[in-house]
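The file start.cif contains mmCIF, C-alpha atoms (C1' of nucleotides):
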data_coords
#
loop_
_atom_site.label_atom_id
_atom_site.label_comp_id
_atom_site.auth_asym_id
_atom_site.auth_seq_id
_atom_site.Cartn_x
_atom_site.Cartn_y
_atom_site.Cartn_z
CA MET B 1 0.00 0.00 0.00
CA ARG B 2 1.13 3.41 -0.69
CA ARG B 3 1.49 5.74 2.22
CA ASP B 4 -1.56 7.92 2.67
CA SER B 5 -0.51 11.56 2.81
CA ARG B 6 -3.92 13.16 2.75
CA LEU B 7 -3.79 14.34 6.34
CA SER B 8 -0.42 16.05 5.96
CA ARG B 9 -1.42 17.54 2.64
CA MET B 10 -4.66 18.95 3.91
CA LEU B 11 -3.01 20.42 6.98
CA HIS B 12 -0.50 22.06 4.70
CA VAL B 13 -3.28 23.52 2.58
CA LEU B 14 -5.40 24.67 5.50
CA LEU B 15 -2.53 26.57 7.09
CA HIS B 16 -1.79 28.26 3.80
CA MET B 17 -5.42 29.21 3.39
CA ALA B 18 -5.35 30.76 6.83
CA ARG B 19 -2.48 33.00 5.77
CA HIS B 20 -4.06 33.85 2.46
CA ASP B 21 -6.78 36.34 1.60
CA GLY B 22 -9.44 35.31 -0.86
CA PRO B 23 -10.10 31.96 -2.44
CA MET B 24 -7.40 29.59 -3.65
CA THR B 25 -8.01 27.62 -6.81
CA SER B 26 -7.49 23.88 -7.00
CA GLU B 27 -4.76 24.56 -9.56
CA ALA B 28 -2.86 26.81 -7.18
CA ILE B 29 -3.21 24.28 -4.38
CA ALA B 30 -2.15 21.46 -6.68
CA THR B 31 1.01 23.35 -7.54
CA MET B 32 1.68 23.83 -3.84
CA LEU B 33 1.24 20.11 -3.21
CA ARG B 34 3.08 19.13 -6.37
CA THR B 35 0.07 17.21 -7.62
CA ASN B 36 -3.03 17.55 -9.73
CA ALA B 37 -6.10 19.75 -9.38
CA VAL B 38 -8.40 16.73 -9.53
CA VAL B 39 -6.59 15.13 -6.62
CA VAL B 40 -7.04 18.37 -4.71
CA ARG B 41 -10.77 18.55 -5.38
CA ARG B 42 -11.20 14.92 -4.50
CA THR B 43 -9.39 15.25 -1.20
CA MET B 44 -10.81 18.62 -0.22
CA ALA B 45 -14.33 17.35 -0.86
CA GLY B 46 -14.09 15.68 2.53
CA LEU B 47 -13.14 18.91 4.22
CA ARG B 48 -16.01 20.66 2.50
CA ASP B 49 -18.49 18.02 3.63
CA ALA B 50 -17.22 18.48 7.16
CA GLY B 51 -17.74 22.24 6.85
CA TYR B 52 -14.09 23.19 7.29
CA VAL B 53 -13.85 24.82 3.87
CA ARG B 54 -16.23 25.82 1.14
CA SER B 55 -15.80 25.99 -2.59
CA GLU B 56 -17.07 28.46 -5.14
CA LYS B 57 -17.36 28.08 -8.84
CA GLY B 58 -16.70 30.49 -11.63
CA HIS B 59 -14.59 33.60 -11.95
CA GLY B 60 -12.83 34.42 -8.73
CA GLY B 61 -13.91 31.09 -7.31
CA GLY B 62 -11.88 28.54 -5.43
CA TRP B 63 -11.53 27.30 -1.89
CA LEU B 64 -12.11 29.28 1.28
CA LEU B 65 -11.67 28.51 4.95
CA ALA B 66 -15.00 28.14 6.69
CA CYS B 67 -14.03 27.31 10.24
CA ASP B 68 -12.35 28.57 13.35
CA LEU B 69 -8.86 27.10 13.26
CA ASP B 70 -8.91 26.60 16.99
CA ALA B 71 -11.99 24.43 16.72
CA VAL B 72 -10.50 21.90 14.31
CA THR B 73 -7.96 19.31 15.38
CA LEU B 74 -5.68 17.04 13.40
CA LEU B 75 -8.07 14.26 14.34
CA ASP B 76 -10.96 16.16 12.77
CA VAL B 77 -8.99 16.54 9.55
CA HIS B 78 -7.95 12.89 9.63
CA ARG B 79 -11.59 11.93 9.83
CA ALA B 80 -12.64 14.45 7.22
CA VAL B 81 -10.32 12.88 4.65
CA GLY B 82 -11.87 9.52 5.29
CA GLY B 83 -10.24 8.37 8.51
CA PRO B 84 -8.09 5.88 6.64
CA GLN B 85 -6.32 2.86 8.08
CA LEU B 86 -3.57 4.00 10.39
CA PHE B 87 -1.45 0.87 10.36
CA ALA B 88 0.30 -0.94 7.58
CA ILE B 89 0.55 -4.13 9.62
CA GLY B 90 -2.05 -6.36 11.19
CA ALA B 91 -3.70 -9.72 10.97
CA GLU B 92 -5.28 -10.83 7.74
CA ALA B 93 -8.87 -11.17 8.88
CA ASP B 94 -10.42 -11.67 12.26
CA MET B 95 -12.23 -14.89 11.62
CA PRO B 96 -9.50 -17.22 12.74
CA HIS B 97 -10.23 -20.91 12.34
CA CYS B 98 -7.54 -21.65 14.82
CA LEU B 99 -7.32 -20.78 18.50
CA VAL B 100 -3.59 -20.12 18.29
CA GLU B 101 -4.22 -17.71 15.44
CA LYS B 102 -6.98 -16.07 17.44
CA LEU B 103 -4.75 -15.54 20.43
CA VAL B 104 -1.91 -14.19 18.33
CA ASN B 105 -4.18 -11.84 16.42
CA GLU B 106 -5.60 -10.54 19.65
CA ALA B 107 -2.16 -9.97 21.12
CA VAL B 108 -1.06 -7.99 18.09
CA ALA B 109 -4.37 -6.15 17.92
CA GLU B 110 -4.08 -5.15 21.54
CA ALA B 111 -0.72 -3.49 20.98
CA LEU B 112 -1.97 -1.84 17.81
CA GLY B 113 -5.06 -0.66 19.62
CA GLU B 114 -3.03 1.04 22.32
CA ALA B 115 -0.83 2.73 19.77
CA GLU B 116 -3.87 3.83 17.81
CA ALA B 117 -5.51 5.28 20.90
CA LEU B 118 -2.36 7.24 21.67
CA LEU B 119 -2.04 8.47 18.11
CA LEU B 120 -5.65 9.60 17.86
CA ALA B 121 -5.37 11.28 21.25
CA ARG B 122 -2.32 13.18 20.05
CA PHE B 123 -4.11 14.17 16.87
CA GLY B 124 -7.09 15.26 18.89
CA ALA B 125 -4.95 17.39 21.15
CA VAL B 126 -3.56 19.60 18.43
CA SER B 127 -5.66 22.21 16.68
CA LEU B 128 -4.96 23.96 13.43
CA GLY B 129 -4.83 27.20 15.39
CA GLN B 130 -2.01 25.86 17.49
CA LEU B 131 -0.09 24.81 14.43
CA ALA B 132 -0.56 28.27 12.96
CA ARG B 133 0.71 29.88 16.14
CA ASP B 134 3.63 27.47 16.25
CA PHE B 135 4.48 28.54 12.76
CA ASP B 136 4.38 32.21 13.62
CA ALA B 137 6.43 31.65 16.74
CA ARG B 138 9.07 29.69 14.90
CA TYR B 139 9.30 31.50 11.60
CA GLY B 140 8.08 34.93 12.63
CA CYS B 141 4.71 36.51 12.05
CA PRO B 142 4.24 39.61 9.91
CA SER B 143 2.76 41.59 12.78
CA MET S 1 -0.98 -0.92 0.05
CA ARG S 2 -2.05 -4.18 1.31
CA ARG S 3 -1.87 -4.82 5.01
CA ASP S 4 1.32 -6.59 6.02
CA SER S 5 0.42 -9.71 8.00
CA ARG S 6 3.85 -11.28 8.23
CA LEU S 7 4.24 -10.65 11.95
CA SER S 8 0.90 -12.23 12.85
CA ARG S 9 1.49 -15.11 10.52
CA MET S 10 4.92 -15.89 11.86
CA LEU S 11 3.73 -15.71 15.45
CA HIS S 12 1.00 -18.13 14.55
CA VAL S 13 3.51 -20.49 13.01
CA LEU S 14 6.03 -20.24 15.81
CA LEU S 15 3.47 -21.08 18.47
CA HIS S 16 2.34 -24.08 16.48
CA MET S 17 5.90 -25.23 16.08
CA ALA S 18 6.34 -25.01 19.82
CA ARG S 19 3.44 -27.39 20.30
CA HIS S 20 4.58 -29.72 17.59
CA ASP S 21 7.23 -32.42 17.65
CA GLY S 22 9.52 -32.74 14.70
CA PRO S 23 9.86 -30.55 11.65
CA MET S 24 6.93 -28.92 9.86
CA THR S 25 7.06 -28.66 6.11
CA SER S 26 6.40 -25.43 4.26
CA GLU S 27 3.39 -27.12 2.70
CA ALA S 28 1.89 -27.94 6.08
CA ILE S 29 2.54 -24.41 7.30
CA ALA S 30 1.10 -22.94 4.11
CA THR S 31 -2.09 -24.90 4.66
CA MET S 32 -2.25 -23.58 8.20
CA LEU S 33 -1.83 -20.01 6.97
CA ARG S 34 -4.10 -20.57 3.98
CA THR S 35 -1.37 -19.56 1.60
CA ASN S 36 1.44 -20.92 -0.51
CA ALA S 37 4.59 -22.83 0.43
CA VAL S 38 6.76 -20.32 -1.39
CA VAL S 39 5.31 -17.48 0.63
CA VAL S 40 6.11 -19.47 3.75
CA ARG S 41 9.73 -20.07 2.76
CA ARG S 42 10.16 -16.47 1.78
CA THR S 43 8.82 -15.16 5.05
CA MET S 44 10.45 -17.73 7.30
CA ALA S 45 13.81 -17.04 5.68
CA GLY S 46 13.98 -13.95 7.89
CA LEU S 47 13.35 -15.99 11.01
CA ARG S 48 16.01 -18.45 9.94
CA ASP S 49 18.54 -15.67 9.35
CA ALA S 50 17.77 -14.39 12.83
CA GLY S 51 18.38 -17.86 14.25
CA TYR S 52 14.85 -18.40 15.56
CA VAL S 53 14.19 -21.41 13.37
CA ARG S 54 16.20 -23.66 11.11
CA SER S 55 15.28 -25.53 7.98
CA GLU S 56 16.26 -28.94 6.75
CA LYS S 57 16.03 -30.35 3.30
CA GLY S 58 15.10 -33.78 2.10
CA HIS S 59 13.05 -36.58 3.53
CA GLY S 60 11.79 -35.74 6.97
CA GLY S 61 12.95 -32.17 6.51
CA GLY S 62 11.11 -28.96 7.22
CA TRP S 63 11.19 -26.20 9.78
CA LEU S 64 12.25 -26.50 13.40
CA LEU S 65 12.29 -24.10 16.30
CA ALA S 66 15.81 -23.08 17.22
CA CYS S 67 15.29 -20.67 20.06
CA ASP S 68 14.08 -20.27 23.60
CA LEU S 69 10.56 -18.91 23.28
CA ASP S 70 11.09 -16.74 26.31
CA ALA S 71 14.04 -15.05 24.66
CA VAL S 72 12.17 -13.88 21.56
CA THR S 73 9.72 -10.99 21.62
CA LEU S 74 7.13 -9.83 19.15
CA LEU S 75 9.51 -7.01 18.34
CA ASP S 76 12.22 -9.52 17.48
CA VAL S 77 9.87 -11.27 15.11
CA HIS S 78 8.73 -7.98 13.61
CA ARG S 79 12.34 -7.14 12.86
CA ALA S 80 13.12 -10.63 11.61
CA VAL S 81 10.44 -10.37 8.95
CA GLY S 82 11.94 -7.15 7.72
CA GLY S 83 10.71 -4.58 10.22
CA PRO S 84 8.23 -3.19 7.72
CA GLN S 85 6.59 0.23 7.80
CA LEU S 86 4.22 0.39 10.72
CA PHE S 87 2.02 3.23 9.54
CA ALA S 88 -0.16 3.61 6.50
CA ILE S 89 -0.24 7.38 6.83
CA GLY S 90 2.44 10.03 6.83
CA ALA S 91 3.97 12.82 4.85
CA GLU S 92 5.06 12.25 1.30
CA ALA S 93 8.77 12.96 1.69
CA ASP S 94 10.71 14.94 4.21
CA MET S 95 12.30 17.42 1.89
CA PRO S 96 9.65 20.08 2.15
CA HIS S 97 10.19 23.13 -0.03
CA CYS S 98 7.86 25.05 2.17
CA LEU S 99 8.16 25.98 5.82
CA VAL S 100 4.47 25.40 6.44
CA GLU S 101 4.79 21.95 4.98
CA LYS S 102 7.86 21.33 7.11
CA LEU S 103 6.06 22.31 10.29
CA VAL S 104 3.01 20.23 9.45
CA ASN S 105 5.09 17.21 8.58
CA GLU S 106 6.97 17.51 11.82
CA ALA S 107 3.78 17.79 13.83
CA VAL S 108 2.37 14.67 12.24
CA ALA S 109 5.68 12.86 12.50
CA GLU S 110 5.90 13.66 16.18
CA ALA S 111 2.55 12.04 16.91
CA LEU S 112 3.43 9.07 14.73
CA GLY S 113 6.77 8.77 16.46
CA GLU S 114 5.18 8.57 19.88
CA ALA S 115 2.71 5.96 18.72
CA GLU S 116 5.50 3.99 17.11
CA ALA S 117 7.57 4.09 20.25
CA LEU S 118 4.64 2.80 22.26
CA LEU S 119 3.88 0.08 19.77
CA LEU S 120 7.46 -1.15 19.60
CA ALA S 121 7.69 -1.06 23.38
CA ARG S 122 4.56 -3.22 23.60
CA PHE S 123 5.93 -5.62 21.04
CA GLY S 124 9.21 -5.74 22.93
CA ALA S 125 7.45 -6.50 26.18
CA VAL S 126 5.75 -9.68 25.02
CA SER S 127 7.69 -12.88 24.43
CA LEU S 128 6.63 -15.92 22.49
CA GLY S 129 6.86 -17.85 25.72
CA GLN S 130 4.28 -15.62 27.32
CA LEU S 131 1.96 -16.05 24.38
CA ALA S 132 2.34 -19.81 24.64
CA ARG S 133 1.55 -19.71 28.36
CA ASP S 134 -1.40 -17.41 27.72
CA PHE S 135 -2.67 -19.96 25.29
CA ASP S 136 -2.34 -22.81 27.72
CA ALA S 137 -4.00 -20.80 30.45
CA ARG S 138 -6.90 -19.84 28.28
CA TYR S 139 -7.52 -22.94 26.27
CA GLY S 140 -6.07 -25.56 28.55
CA CYS S 141 -2.78 -27.36 28.33
CA PRO S 142 -2.54 -31.11 27.80
CA SER S 143 -0.63 -31.59 31.05
"C1'" DG P 1 22.78 -44.30 -7.87
"C1'" DA P 2 17.96 -43.33 -8.89
"C1'" DA P 3 13.76 -41.72 -7.18
"C1'" DT P 4 11.62 -38.87 -3.93
"C1'" DC P 5 11.01 -35.23 -0.76
"C1'" DA P 6 11.86 -30.75 0.88
"C1'" DT P 7 13.98 -26.29 0.79
"C1'" DG P 8 16.16 -22.14 -2.06
"C1'" DT P 9 15.59 -18.95 -5.49
"C1'" DA P 10 14.18 -16.37 -9.43
"C1'" DA P 11 10.70 -14.51 -12.25
"C1'" DC P 12 6.31 -13.08 -12.98
"C1'" DA P 13 1.16 -12.40 -11.85
"C1'" DT P 14 -2.33 -10.50 -8.78
"C1'" DC P 15 -4.39 -7.25 -5.68
"C1'" DA P 16 -5.68 -3.08 -3.23
"C1'" DA P 17 -5.63 1.57 -2.31
"C1'" DA P 18 -3.71 5.97 -2.94
"C1'" DT P 19 -2.44 8.85 -6.44
"C1'" DG P 20 -2.25 10.73 -11.22
"C1'" DT P 21 -4.68 12.03 -15.56
"C1'" DA P 22 -8.12 13.03 -19.19
"C1'" DT P 23 -12.65 14.47 -20.15
"C1'" DC P 24 -16.93 16.61 -19.90
"C1'" DA P 25 -20.84 18.74 -17.35
"C1'" DT P 26 -22.30 22.61 -14.46
"C1'" DG P 27 -22.52 27.06 -12.55
"C1'" DA P 28 -20.73 31.89 -11.81
"C1'" DA P 29 -18.54 36.17 -13.30
"C1'" DT P 30 -17.31 39.21 -17.03
"C1'" DA M 1 -21.40 34.13 -25.14
"C1'" DT M 2 -17.04 33.36 -23.27
"C1'" DT M 3 -14.13 32.22 -19.69
"C1'" DC M 4 -12.99 30.38 -15.32
"C1'" DA M 5 -13.54 27.26 -11.71
"C1'" DT M 6 -15.55 23.32 -9.42
"C1'" DG M 7 -18.00 18.49 -9.71
"C1'" DA M 8 -17.87 14.10 -11.23
"C1'" DT M 9 -16.68 9.97 -13.82
"C1'" DA M 10 -13.61 6.83 -15.81
"C1'" DC M 11 -9.33 5.02 -16.34
"C1'" DA M 12 -4.09 4.71 -15.76
"C1'" DT M 13 -0.14 4.45 -12.65
"C1'" DT M 14 2.33 3.21 -8.67
"C1'" DT M 15 3.89 0.40 -4.75
"C1'" DG M 16 4.55 -3.43 -1.86
"C1'" DA M 17 2.67 -7.54 -0.04
"C1'" DT M 18 1.02 -11.68 -1.57
"C1'" DG M 19 0.21 -15.52 -4.86
"C1'" DT M 20 2.06 -18.69 -8.42
"C1'" DT M 21 5.04 -21.27 -11.57
"C1'" DA M 22 9.24 -23.35 -12.56
"C1'" DC M 23 13.57 -25.15 -11.73
"C1'" DA M 24 17.93 -26.00 -9.02
"C1'" DT M 25 19.97 -28.08 -4.87
"C1'" DG M 26 20.61 -31.10 -1.13
"C1'" DA M 27 19.09 -35.04 1.93
"C1'" DT M 28 16.88 -39.44 2.60
"C1'" DT M 29 15.22 -43.86 1.15
"C1'" DC M 30 15.24 -47.75 -1.64
#
Using structure tokens, write down the structure from this file.
Amino acid sequence: MRRDSRLSRMLHVLLHMARHDGPMTSEAIATMLRTNAVVVRRTMAGLRDAGYVRSEKGHGGGWLLACDLDAVTLLDVHRAVGGPQLFAIGAEADMPHCLVEKLVNEAVAEALGEAEALLLARFGAVSLGQLARDFDARYGCPS
Amino acid sequence: MRRDSRLSRMLHVLLHMARHDGPMTSEAIATMLRTNAVVVRRTMAGLRDAGYVRSEKGHGGGWLLACDLDAVTLLDVHRAVGGPQLFAIGAEADMPHCLVEKLVNEAVAEALGEAEALLLARFGAVSLGQLARDFDARYGCPS
DNA sequence: GAATCATGTAACATCAAATGTATCATGAAT
DNA sequence: ATTCATGATACATTTGATGTTACATGATTC
């Protein structure tokens, strides 16, 4: 499986939108992400459905922030892009015919579950607003 | 990407081998794992290189345990099968042209890093021997 | 020593999911 | 009416695990 970079990409876009006046076109965003405008629309559709951005057609159209950055966490964005599988490892299926397999799968799943809980908690503890402020603190804000 | 099940599969095999006298052929193991003998040889090659099992050719050949179950952890097995990528998500590459991208990637990587550390610690804290004893405790041992 | 059994290895096919691309429809601004 | 931008569909590409075929090698049995 290829590594899913939708979360990182969308965070990147959202922070740029926060520092940008007016709408950004899918083309402009695609250039930023070094990808394609269709990929951008496809991925941002999730953010739009979640109400974090909105899109406008026609002249002067594009994407606009539609949320309070402090109210949206990395976890929210993760879910908005589809909440994909976090782990690249794991048991095949959980219908083991064999008790040994069952026990092993459960042991692995338990460790994965703890790591997942920690990861989602970390994602849930960071808001876009905090990231934006981190950026300003580290690289200087124009004010 | 497809989910990597080598760790679970190898744990399954190793516990069976512990409860089994004499060598097990790749064919027998493949049947157990509902896969192919070549896949078994390919995957178990890592365990053999790590010294956890050995293989013998010819009549009466097959795979044999070659370790103390209490001395091998899930982490050891994970590494023996190649220590594959744990996460299915993450940033594209870490050569960001853009400072926003850099900050975002670092924020995501930090959370992933903590989850990875926890996961590897959990894997390192469980030995095959403990799994085997868990099995006996839960499903009854023949003694 | 010939047949058989089992592993070792190489080469290629399959699969799944993200990503990339082409195309056309739709709606808004000029 | 034209242009610009999104919306949506269909298909191609990529990547790595997994599946499969084929053949070589070594060990055992007869």
Between atom CA of Ala111 of chain S and atom CA of Ala80 of chain S, what distance in Å does the model show, to one decimal?
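The value is 25.6 Å.
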Do you know which residues the PyMOL selection byres ((chain B) within 10 of (chain P)) returns on this file, as an mmCIF file with C-alpha atoms, keeping the file's coordinate frame?
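Listing of expr.cif after writing:
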data_model
loop_
_atom_site.group_PDB
_atom_site.id
_atom_site.type_symbol
_atom_site.label_atom_id
_atom_site.label_comp_id
_atom_site.auth_asym_id
_atom_site.auth_seq_id
_atom_site.Cartn_x
_atom_site.Cartn_y
_atom_site.Cartn_z
ATOM 1 C CA MET B 1 0.000 0.000 0.000
ATOM 2 C CA ARG B 2 1.130 3.410 -0.690
ATOM 3 C CA ARG B 3 1.490 5.740 2.220
ATOM 4 C CA ASP B 4 -1.560 7.920 2.670
ATOM 5 C CA SER B 5 -0.510 11.560 2.810
ATOM 6 C CA ARG B 6 -3.920 13.160 2.750
ATOM 7 C CA THR B 35 0.070 17.210 -7.620
ATOM 8 C CA ASN B 36 -3.030 17.550 -9.730
ATOM 9 C CA ALA B 37 -6.100 19.750 -9.380
ATOM 10 C CA VAL B 38 -8.400 16.730 -9.530
ATOM 11 C CA VAL B 39 -6.590 15.130 -6.620
ATOM 12 C CA GLU B 56 -17.070 28.460 -5.140
ATOM 13 C CA LYS B 57 -17.360 28.080 -8.840
ATOM 14 C CA GLY B 58 -16.700 30.490 -11.630
ATOM 15 C CA HIS B 59 -14.590 33.600 -11.950
ATOM 16 C CA GLY B 60 -12.830 34.420 -8.730
ATOM 17 C CA GLY B 61 -13.910 31.090 -7.310
#
Could you list, as number ranges by chain, every residue within 12 Å of Gly22 of chain S, counting all atoms listed in the file and ignoring same-chain residues fewer than 6 positions away?
S: 16, 54-56, 60-66
Fitted copy of chain B on chain S, all Cα, as a short mmCIF file (atom, residue, chain, number, x, y, z; two decimals) with C-alpha atoms, keeping the file's coordinate frame:
data_model
loop_
_atom_site.label_atom_id
_atom_site.label_comp_id
_atom_site.auth_asym_id
_atom_site.auth_seq_id
_atom_site.Cartn_x
_atom_site.Cartn_y
_atom_site.Cartn_z
CA MET B 1 -0.84 -0.79 0.25
CA ARG B 2 -1.94 -4.09 1.38
CA ARG B 3 -1.84 -4.78 5.06
CA ASP B 4 1.31 -6.60 6.06
CA SER B 5 0.41 -9.72 8.01
CA ARG B 6 3.83 -11.28 8.26
CA LEU B 7 4.21 -10.65 11.96
CA SER B 8 0.88 -12.23 12.87
CA ARG B 9 1.48 -15.12 10.53
CA MET B 10 4.90 -15.89 11.87
CA LEU B 11 3.72 -15.71 15.45
CA HIS B 12 0.98 -18.14 14.55
CA VAL B 13 3.50 -20.51 13.01
CA LEU B 14 6.03 -20.24 15.82
CA LEU B 15 3.45 -21.08 18.47
CA HIS B 16 2.34 -24.08 16.48
CA MET B 17 5.91 -25.24 16.08
CA ALA B 18 6.35 -25.01 19.82
CA ARG B 19 3.43 -27.38 20.31
CA HIS B 20 4.59 -29.73 17.60
CA ASP B 21 7.25 -32.42 17.65
CA GLY B 22 9.53 -32.74 14.67
CA PRO B 23 9.86 -30.54 11.64
CA MET B 24 6.95 -28.91 9.83
CA THR B 25 7.08 -28.66 6.07
CA SER B 26 6.42 -25.42 4.23
CA GLU B 27 3.39 -27.12 2.67
CA ALA B 28 1.90 -27.94 6.05
CA ILE B 29 2.53 -24.41 7.28
CA ALA B 30 1.09 -22.95 4.09
CA THR B 31 -2.09 -24.92 4.64
CA MET B 32 -2.25 -23.60 8.19
CA LEU B 33 -1.85 -20.03 6.95
CA ARG B 34 -4.12 -20.57 3.97
CA THR B 35 -1.37 -19.55 1.59
CA ASN B 36 1.43 -20.94 -0.51
CA ALA B 37 4.59 -22.82 0.41
CA VAL B 38 6.75 -20.30 -1.43
CA VAL B 39 5.29 -17.47 0.62
CA VAL B 40 6.10 -19.46 3.74
CA ARG B 41 9.71 -20.06 2.74
CA ARG B 42 10.14 -16.45 1.77
CA THR B 43 8.79 -15.15 5.05
CA MET B 44 10.43 -17.73 7.28
CA ALA B 45 13.80 -17.02 5.67
CA GLY B 46 13.95 -13.96 7.89
CA LEU B 47 13.34 -16.00 11.00
CA ARG B 48 16.01 -18.44 9.93
CA ASP B 49 18.53 -15.66 9.36
CA ALA B 50 17.76 -14.39 12.83
CA GLY B 51 18.35 -17.87 14.24
CA TYR B 52 14.82 -18.39 15.55
CA VAL B 53 14.19 -21.41 13.35
CA ARG B 54 16.21 -23.65 11.11
CA SER B 55 15.30 -25.52 7.98
CA GLU B 56 16.30 -28.93 6.73
CA LYS B 57 16.08 -30.32 3.27
CA GLY B 58 15.14 -33.73 2.04
CA HIS B 59 13.10 -36.56 3.48
CA GLY B 60 11.81 -35.73 6.92
CA GLY B 61 12.96 -32.16 6.47
CA GLY B 62 11.12 -28.96 7.20
CA TRP B 63 11.20 -26.21 9.76
CA LEU B 64 12.26 -26.50 13.38
CA LEU B 65 12.29 -24.10 16.30
CA ALA B 66 15.80 -23.08 17.21
CA CYS B 67 15.29 -20.66 20.06
CA ASP B 68 14.07 -20.27 23.59
CA LEU B 69 10.56 -18.90 23.29
CA ASP B 70 11.09 -16.72 26.31
CA ALA B 71 14.03 -15.03 24.66
CA VAL B 72 12.16 -13.86 21.57
CA THR B 73 9.70 -10.99 21.64
CA LEU B 74 7.10 -9.82 19.15
CA LEU B 75 9.51 -7.01 18.37
CA ASP B 76 12.22 -9.52 17.49
CA VAL B 77 9.86 -11.28 15.11
CA HIS B 78 8.72 -7.98 13.62
CA ARG B 79 12.32 -7.16 12.87
CA ALA B 80 13.10 -10.64 11.62
CA VAL B 81 10.41 -10.37 8.94
CA GLY B 82 11.92 -7.15 7.74
CA GLY B 83 10.70 -4.58 10.24
CA PRO B 84 8.24 -3.17 7.73
CA GLN B 85 6.58 0.23 7.82
CA LEU B 86 4.20 0.39 10.73
CA PHE B 87 2.00 3.21 9.53
CA ALA B 88 -0.16 3.58 6.48
CA ILE B 89 -0.24 7.36 6.82
CA GLY B 90 2.47 9.97 6.81
CA ALA B 91 3.97 12.79 4.84
CA GLU B 92 5.07 12.22 1.29
CA ALA B 93 8.77 12.93 1.66
CA ASP B 94 10.73 14.89 4.18
CA MET B 95 12.34 17.38 1.88
CA PRO B 96 9.71 20.05 2.14
CA HIS B 97 10.26 23.11 -0.02
CA CYS B 98 7.90 25.00 2.16
CA LEU B 99 8.20 25.95 5.81
CA VAL B 100 4.49 25.40 6.43
CA GLU B 101 4.82 21.92 4.97
CA LYS B 102 7.87 21.30 7.12
CA LEU B 103 6.07 22.30 10.28
CA VAL B 104 3.03 20.23 9.44
CA ASN B 105 5.10 17.18 8.56
CA GLU B 106 6.97 17.49 11.81
CA ALA B 107 3.78 17.78 13.81
CA VAL B 108 2.35 14.66 12.23
CA ALA B 109 5.66 12.84 12.50
CA GLU B 110 5.89 13.65 16.17
CA ALA B 111 2.54 12.03 16.90
CA LEU B 112 3.41 9.06 14.72
CA GLY B 113 6.75 8.75 16.45
CA GLU B 114 5.15 8.57 19.87
CA ALA B 115 2.69 5.96 18.71
CA GLU B 116 5.47 3.97 17.11
CA ALA B 117 7.55 4.07 20.27
CA LEU B 118 4.60 2.80 22.27
CA LEU B 119 3.85 0.07 19.77
CA LEU B 120 7.43 -1.17 19.60
CA ALA B 121 7.65 -1.07 23.39
CA ARG B 122 4.53 -3.20 23.62
CA PHE B 123 5.92 -5.62 21.06
CA GLY B 124 9.17 -5.74 22.94
CA ALA B 125 7.42 -6.51 26.19
CA VAL B 126 5.75 -9.68 25.02
CA SER B 127 7.68 -12.87 24.43
CA LEU B 128 6.62 -15.91 22.49
CA GLY B 129 6.85 -17.86 25.73
CA GLN B 130 4.29 -15.60 27.32
CA LEU B 131 1.95 -16.03 24.40
CA ALA B 132 2.33 -19.79 24.66
CA ARG B 133 1.55 -19.70 28.36
CA ASP B 134 -1.41 -17.41 27.72
CA PHE B 135 -2.68 -19.95 25.28
CA ASP B 136 -2.35 -22.80 27.72
CA ALA B 137 -3.98 -20.79 30.47
CA ARG B 138 -6.91 -19.82 28.29
CA TYR B 139 -7.51 -22.95 26.28
CA GLY B 140 -6.06 -25.55 28.61
CA CYS B 141 -2.75 -27.33 28.39
CA PRO B 142 -2.46 -31.08 27.90
CA SER B 143 -0.55 -31.55 31.14
#
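Using only C-alpha atoms for every distance, the candidate list S:His12, S:Arg48, S:His78, S:Arg34 yields S:His12 as the residue closest to chain B.
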Dig up all the protein and nucleic acid residues within 10 Å of (3.0, -15.2, 25.8) in the file frame, using all atoms listed in the file, and format them as a short mmCIF file (atom, residue, chain, number, x, y, z; two decimals) with C-alpha atoms, in the frame of the given file.
data_model
loop_
_atom_site.label_atom_id
_atom_site.label_comp_id
_atom_site.auth_asym_id
_atom_site.auth_seq_id
_atom_site.Cartn_x
_atom_site.Cartn_y
_atom_site.Cartn_z
CA LEU B 103 -4.75 -15.54 20.43
CA VAL B 104 -1.91 -14.19 18.33
CA ALA B 107 -2.16 -9.97 21.12
CA LEU S 15 3.47 -21.08 18.47
CA LEU S 69 10.56 -18.91 23.28
CA ASP S 70 11.09 -16.74 26.31
CA THR S 73 9.72 -10.99 21.62
CA LEU S 74 7.13 -9.83 19.15
CA ALA S 125 7.45 -6.50 26.18
CA VAL S 126 5.75 -9.68 25.02
CA SER S 127 7.69 -12.88 24.43
CA LEU S 128 6.63 -15.92 22.49
CA GLY S 129 6.86 -17.85 25.72
CA GLN S 130 4.28 -15.62 27.32
CA LEU S 131 1.96 -16.05 24.38
CA ALA S 132 2.34 -19.81 24.64
CA ARG S 133 1.55 -19.71 28.36
CA ASP S 134 -1.40 -17.41 27.72
CA PHE S 135 -2.67 -19.96 25.29
CA ASP S 136 -2.34 -22.81 27.72
#
Between atom CA of Gly46 of chain B and atom CA of Leu7 of chain B, what distance in Å does the model show, to one decimal?
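Atom CA of Leu7 of chain B lies at a distance of 11.1 Å from atom CA of Gly46 of chain B.
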Proximity check chain M to chain B, 10 Å, nearest pairs one decimal Å, only C-alpha atoms (C1' of nucleotides), as a Markdown table:
| residue | atom | partner | partner_atom | distance |
| --- | --- | --- | --- | --- |
| M:DT3 | C1' | B:His59 | CA | 7.9 |
| M:DC4 | C1' | B:His59 | CA | 4.9 |
| M:DA5 | C1' | B:Gly58 | CA | 4.5 |
| M:DT6 | C1' | B:Lys57 | CA | 5.1 |
| M:DG7 | C1' | B:Arg41 | CA | 8.4 |
| M:DA8 | C1' | B:Arg42 | CA | 9.5 |
| M:DT14 | C1' | B:Arg2 | CA | 8.1 |
| M:DT15 | C1' | B:Arg2 | CA | 5.8 |
| M:DG16 | C1' | B:Met1 | CA | 6.0 |
| M:DA17 | C1' | B:Met1 | CA | 8.0 |
